[in-house]
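Student: Quick one, structure_28.cif (mmCIF, C-alpha atoms and all ligand atoms):
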```
data_run
loop_
_atom_site.group_PDB
_atom_site.id
_atom_site.type_symbol
_atom_site.label_atom_id
_atom_site.label_comp_id
_atom_site.auth_asym_id
_atom_site.auth_seq_id
_atom_site.Cartn_x
_atom_site.Cartn_y
_atom_site.Cartn_z
ATOM 1 C CA MET C 1 -14.233 -8.163 -15.052
ATOM 2 C CA THR C 2 -14.994 -4.590 -14.097
ATOM 3 C CA LYS C 3 -17.921 -2.356 -13.310
ATOM 4 C CA HIS C 4 -16.916 0.369 -15.763
ATOM 5 C CA LYS C 5 -19.495 0.709 -18.513
ATOM 6 C CA TYR C 6 -18.714 3.881 -20.470
ATOM 7 C CA CYS C 7 -15.657 5.430 -22.065
ATOM 8 C CA PRO C 8 -14.267 8.159 -19.750
ATOM 9 C CA ILE C 9 -13.188 10.164 -22.825
ATOM 10 C CA CYS C 10 -16.194 10.081 -25.192
ATOM 11 C CA ARG C 11 -18.873 8.326 -23.077
ATOM 12 C CA THR C 12 -19.534 5.609 -25.640
ATOM 13 C CA LYS C 13 -20.528 2.252 -24.186
ATOM 14 C CA LEU C 14 -17.407 0.101 -23.741
ATOM 15 C CA LYS C 15 -17.199 -3.289 -25.410
ATOM 16 C CA ILE C 16 -15.094 -6.308 -24.581
ATOM 17 C CA LYS C 17 -12.309 -6.900 -27.083
ATOM 18 C CA VAL C 18 -9.634 -9.583 -26.921
ATOM 19 C CA PHE C 19 -5.953 -8.568 -27.107
ATOM 20 C CA ASN C 20 -3.239 -11.193 -26.684
ATOM 21 C CA ASN C 21 -5.798 -13.642 -25.296
ATOM 22 C CA LYS C 22 -6.877 -11.162 -22.634
ATOM 23 C CA GLU C 23 -10.317 -9.561 -22.549
ATOM 24 C CA ARG C 24 -10.262 -5.790 -22.153
ATOM 25 C CA LEU C 25 -12.983 -3.179 -22.186
ATOM 26 C CA THR C 26 -12.410 -0.881 -25.146
ATOM 27 C CA CYS C 27 -14.197 2.054 -26.712
ATOM 28 C CA PRO C 28 -15.441 1.277 -30.226
ATOM 29 C CA LYS C 29 -15.474 5.002 -31.067
ATOM 30 C CA CYS C 30 -12.148 6.442 -29.815
ATOM 31 C CA ASN C 31 -10.216 3.202 -29.176
ATOM 32 C CA TYR C 32 -9.646 3.945 -25.482
ATOM 33 C CA ILE C 33 -8.610 0.750 -23.689
ATOM 34 C CA TYR C 34 -9.460 0.254 -20.040
ATOM 35 C CA TYR C 35 -6.439 -1.338 -18.346
ATOM 36 C CA LYS C 36 -7.190 -2.521 -14.867
ATOM 37 C CA ASN C 37 -3.934 -2.215 -12.918
ATOM 38 C CA PRO C 38 -3.150 -2.774 -9.253
ATOM 39 C CA PRO C 39 -2.669 0.595 -7.520
ATOM 40 C CA PRO C 40 0.774 1.176 -6.006
ATOM 41 C CA SER C 41 1.066 1.732 -2.267
ATOM 42 C CA VAL C 42 4.028 2.189 0.033
ATOM 43 C CA CYS C 43 4.926 1.039 3.499
ATOM 44 C CA ALA C 44 7.625 2.146 5.933
ATOM 45 C CA ILE C 45 9.644 -0.399 7.873
ATOM 46 C CA VAL C 46 11.248 1.361 10.823
ATOM 47 C CA LYS C 47 13.525 -0.327 13.330
ATOM 48 C CA ASN C 48 14.732 1.173 16.575
ATOM 49 C CA ARG C 49 16.941 -0.704 19.050
ATOM 50 C CA GLY C 50 15.755 -4.049 17.715
ATOM 51 C CA ASN C 51 12.084 -3.085 17.857
ATOM 52 C CA ILE C 52 9.791 -2.383 14.946
ATOM 53 C CA LEU C 53 7.309 0.449 14.463
ATOM 54 C CA LEU C 54 3.639 -0.381 13.903
ATOM 55 C CA ILE C 55 0.525 1.762 13.740
ATOM 56 C CA LYS C 56 -2.982 0.884 14.890
ATOM 57 C CA ARG C 57 -5.266 1.380 11.908
ATOM 58 C CA GLY C 58 -8.075 3.880 12.342
ATOM 59 C CA ILE C 59 -9.774 2.986 9.049
ATOM 60 C CA GLU C 60 -10.889 -0.098 7.162
ATOM 61 C CA PRO C 61 -9.616 -2.490 6.022
ATOM 62 C CA HIS C 62 -8.227 -3.978 9.236
ATOM 63 C CA LEU C 63 -9.678 -1.244 11.454
ATOM 64 C CA GLY C 64 -8.155 -1.465 14.938
ATOM 65 C CA GLU C 65 -5.368 -3.830 13.867
ATOM 66 C CA TRP C 66 -1.626 -3.196 13.774
ATOM 67 C CA ALA C 67 0.293 -2.631 10.555
ATOM 68 C CA PHE C 68 3.321 -0.887 9.122
ATOM 69 C CA PRO C 69 2.710 2.782 8.354
ATOM 70 C CA CYS C 70 1.395 2.610 4.795
ATOM 71 C CA GLY C 71 -0.771 4.259 2.195
ATOM 72 C CA PHE C 72 -1.323 5.040 -1.462
ATOM 73 C CA ILE C 73 0.999 7.077 -3.634
ATOM 74 C CA GLU C 74 -0.666 10.325 -4.737
ATOM 75 C CA TYR C 75 -0.592 11.201 -8.421
ATOM 76 C CA GLY C 76 2.625 13.153 -9.119
ATOM 77 C CA GLU C 77 4.314 12.012 -5.903
ATOM 78 C CA THR C 78 7.386 9.777 -5.839
ATOM 79 C CA ALA C 79 7.147 6.460 -3.987
ATOM 80 C CA GLU C 80 9.854 7.620 -1.567
ATOM 81 C CA ASP C 81 8.028 10.880 -0.792
ATOM 82 C CA ALA C 82 4.745 8.981 -0.299
ATOM 83 C CA CYS C 83 6.433 6.616 2.149
ATOM 84 C CA LEU C 84 7.906 9.447 4.231
ATOM 85 C CA ARG C 85 4.630 11.409 4.095
ATOM 86 C CA GLU C 86 2.581 8.442 5.323
ATOM 87 C CA LEU C 87 5.121 7.820 8.079
ATOM 88 C CA LYS C 88 4.926 11.464 9.193
ATOM 89 C CA GLU C 89 1.111 11.551 9.048
ATOM 90 C CA GLU C 90 0.606 8.287 10.911
ATOM 91 C CA THR C 91 3.396 8.466 13.508
ATOM 92 C CA GLY C 92 4.587 12.081 13.658
ATOM 93 C CA LEU C 93 8.124 10.878 12.871
ATOM 94 C CA SER C 94 10.358 12.410 10.219
ATOM 95 C CA GLY C 95 12.413 9.861 8.356
ATOM 96 C CA THR C 96 14.886 9.279 5.573
ATOM 97 C CA ILE C 97 14.817 6.373 3.161
ATOM 98 C CA LYS C 98 17.640 3.920 3.863
ATOM 99 C CA SER C 99 16.890 1.364 1.151
ATOM 100 C CA LEU C 100 14.231 -0.322 -0.917
ATOM 101 C CA TYR C 101 13.244 -3.439 0.994
ATOM 102 C CA ASN C 102 10.792 -5.236 -1.290
ATOM 103 C CA VAL C 103 8.027 -4.929 -3.855
ATOM 104 C CA LYS C 104 5.113 -7.308 -3.329
ATOM 105 C CA SER C 105 1.681 -8.021 -4.712
ATOM 106 C CA SER C 106 -1.053 -8.284 -2.131
ATOM 107 C CA GLU C 107 -4.783 -8.967 -1.998
ATOM 108 C CA ILE C 108 -6.537 -6.852 0.563
ATOM 109 C CA ASP C 109 -10.183 -6.276 1.460
ATOM 110 C CA ILE C 110 -11.883 -3.309 -0.227
ATOM 111 C CA TYR C 111 -9.004 -2.541 -2.618
ATOM 112 C CA GLY C 112 -8.300 -5.993 -4.065
ATOM 113 C CA HIS C 113 -4.972 -6.408 -5.819
ATOM 114 C CA LEU C 114 -2.352 -3.878 -4.684
ATOM 115 C CA ILE C 115 1.347 -3.392 -5.240
ATOM 116 C CA ILE C 116 3.181 -2.688 -1.987
ATOM 117 C CA ILE C 117 6.560 -0.983 -2.186
ATOM 118 C CA ALA C 118 8.304 -1.314 1.168
ATOM 119 C CA TYR C 119 11.238 0.828 2.251
ATOM 120 C CA ILE C 120 13.545 0.582 5.237
ATOM 121 C CA VAL C 121 13.323 4.038 6.834
ATOM 122 C CA LEU C 122 15.585 5.688 9.410
ATOM 123 C CA VAL C 123 13.914 8.041 11.887
ATOM 124 C CA ASP C 124 14.835 10.489 14.601
ATOM 125 C CA ASP C 125 14.735 9.063 18.118
ATOM 126 C CA LYS C 126 11.356 10.502 19.136
ATOM 127 C CA LYS C 127 8.289 8.839 20.568
ATOM 128 C CA PRO C 128 5.818 7.999 17.774
ATOM 129 C CA VAL C 129 2.302 9.430 18.090
ATOM 130 C CA GLY C 130 -0.666 8.081 16.120
ATOM 131 C CA GLY C 131 -2.219 10.541 13.677
ATOM 132 C CA ASP C 132 -4.322 10.777 10.505
ATOM 133 C CA ASP C 133 -5.421 7.202 9.580
ATOM 134 C CA ALA C 134 -3.660 5.785 12.649
ATOM 135 C CA VAL C 135 -5.083 5.895 16.173
ATOM 136 C CA ASP C 136 -1.849 4.763 17.815
ATOM 137 C CA ALA C 137 1.804 4.196 16.922
ATOM 138 C CA LYS C 138 4.286 2.143 18.962
ATOM 139 C CA TYR C 139 7.458 0.092 18.778
ATOM 140 C CA PHE C 140 7.102 -3.647 19.379
ATOM 141 C CA SER C 141 9.578 -6.489 19.717
ATOM 142 C CA ILE C 142 9.858 -8.482 16.490
ATOM 143 C CA ASP C 143 8.188 -11.492 18.151
ATOM 144 C CA LYS C 144 5.223 -9.428 19.345
ATOM 145 C CA ALA C 145 4.951 -7.621 15.994
ATOM 146 C CA LYS C 146 4.782 -10.978 14.192
ATOM 147 C CA GLN C 147 1.804 -11.960 16.334
ATOM 148 C CA ILE C 148 -0.240 -8.817 15.834
ATOM 149 C CA ILE C 149 0.605 -7.452 12.394
ATOM 150 C CA ILE C 150 -2.028 -7.801 9.653
ATOM 151 C CA PRO C 151 -1.525 -11.001 7.641
ATOM 152 C CA GLU C 152 -0.834 -9.167 4.373
ATOM 153 C CA GLN C 153 2.305 -7.632 5.896
ATOM 154 C CA ARG C 154 3.458 -10.484 8.107
ATOM 155 C CA SER C 155 5.800 -11.976 5.526
ATOM 156 C CA CYS C 156 7.978 -8.839 5.742
ATOM 157 C CA LEU C 157 8.799 -9.765 9.342
ATOM 158 C CA ASN C 158 9.762 -13.312 8.450
ATOM 159 C CA ASP C 159 12.596 -12.092 6.311
ATOM 160 C CA GLU C 160 15.923 -12.208 8.138
ATOM 161 C CA ASN C 161 17.132 -9.240 6.056
ATOM 162 C CA ILE C 162 15.185 -6.696 8.062
ATOM 163 C CA ILE C 163 15.655 -8.090 11.565
HETATM 164 ZN ZN ZN U 1 -14.263 6.625 -26.309
#
```
Give the structure from this file in structure tokens form.
Ligand SMILES: [Zn+2]

Tutor:
Amino acid sequence: MTKHKYCPICRTKLKIKVFNNKERLTCPKCNYIYYKNPPPSVCAIVKNRGNILLIKRGIEPHLGEWAFPCGFIEYGETAEDACLRELKEETGLSGTIKSLYNVKSSEIDIYGHLIIIAYIVLVDDKKPVGGDDAVDAKYFSIDKAKQIIIPEQRSCLNDENII
């Protein structure tokens, strides 16, 4: 269920307790309940003249593969700000949020269950440059992008709404 053994508040050994038919690790001393939630991440979907922006990942999972600019939301940061920050870090492009595209659950190596919040983002007409966690950033035709994008994000490109 989880590898956590001790209460992060009082360090008592956690015990499994059943709430609403679901087993949860709880602290018998201070009643802390360990909720295991999927972390929220964001991705930027950027179109330019019918092409779509992808980055080549410089880190695992999917090292060396192409994906939408994406990353985790920092504590205290809004989802929109996280999306624009990741876009800037990974492509050098400044953008503005056009609309919320979709919210999906995904299973990905290393991190397991994630929530992905995808936004359609408008950018200035500059050449993208890979940076931070990305070793490259380029626009691809939709057909090419569908072939190379990581499987967890491919379904976004099958949706007629964004093309
Ligand atoms: Zn405790």

Student: Let me make sure I understand: among C:Ile142, C:Arg85, C:Val46, C:Gly131, which one has the smallest atom-to-atom distance to Ser99 of chain C if we use all atoms listed in the file?

Tutor: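 Looking only at the distances to Ser99 of chain C, the closest residue turns out to be C:Val46.
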
Student: Select the residues contacting ligand ZN 1 (chain U) at a distance of at most 8 Å, based on only C-alpha atoms and all ligand atoms, then format the selection as a PyMOL selection string.

Tutor: chain C and resi 6-14+26-32

Student: Applied to the shown file, which residues does the PyMOL selection byres (((chain C and resi 92) around 6) and not hetatm) return, written as a PDB file with C-alpha atoms, keeping the file's coordinate frame?

Tutor:
```
ATOM      1  CA  LYS C  88       4.926  11.464   9.193  1.00  0.00           C
ATOM      2  CA  GLU C  89       1.111  11.551   9.048  1.00  0.00           C
ATOM      3  CA  THR C  91       3.396   8.466  13.508  1.00  0.00           C
ATOM      4  CA  LEU C  93       8.124  10.878  12.871  1.00  0.00           C
ATOM      5  CA  PRO C 128       5.818   7.999  17.774  1.00  0.00           C
ATOM      6  CA  VAL C 129       2.302   9.430  18.090  1.00  0.00           C
TER       7      VAL C 129
END
```

Student: Tell me which protein, DNA and RNA residues are within 6 Å of segment 35-45 of chain C, counting all atoms listed in the file, leaving out same-chain ones fewer than 4 positions away, and put them as a PyMOL selection string.

Tutor: chain C and resi 69-73+83+113-121

Student: Evaluate the PyMOL selection byres (((chain C and resi 127) around 12) and not hetatm) against this structure - the residues, as an MDAnalysis selection string, please.

Tutor: chainID C and resid 48 53 91:94 123:126 128:130 136:139

Student: Between atom CA of Phe68 of chain C and atom CA of Asp133 of chain C, what is the distance in Å, rounded to a tenth?

Tutor: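 Distance between the two atoms: 11.9 Å.
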
Student: Counting all atoms listed in the file, which residue out of C:Ile59, C:Ser105, C:Ser141, C:Asn20 sits closest to Ser155 of chain C?

Tutor: C:Ser105

Student: For atom CA of Tyr111 of chain C and atom CA of Lys98 of chain C, determine how far apart the two atoms are, in Å to one decimal place.

Tutor: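 Taking atom CA of Tyr111 of chain C and atom CA of Lys98 of chain C, their separation equals 28.2 Å.
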
Student: Just checking: using all atoms listed in the file, which residue out of C:Lys144, C:Gly76, C:Ile108, C:Lys22 ends up closest to Gly50 of chain C?

Tutor: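 Smallest separation from Gly50 of chain C among the options: C:Lys144.
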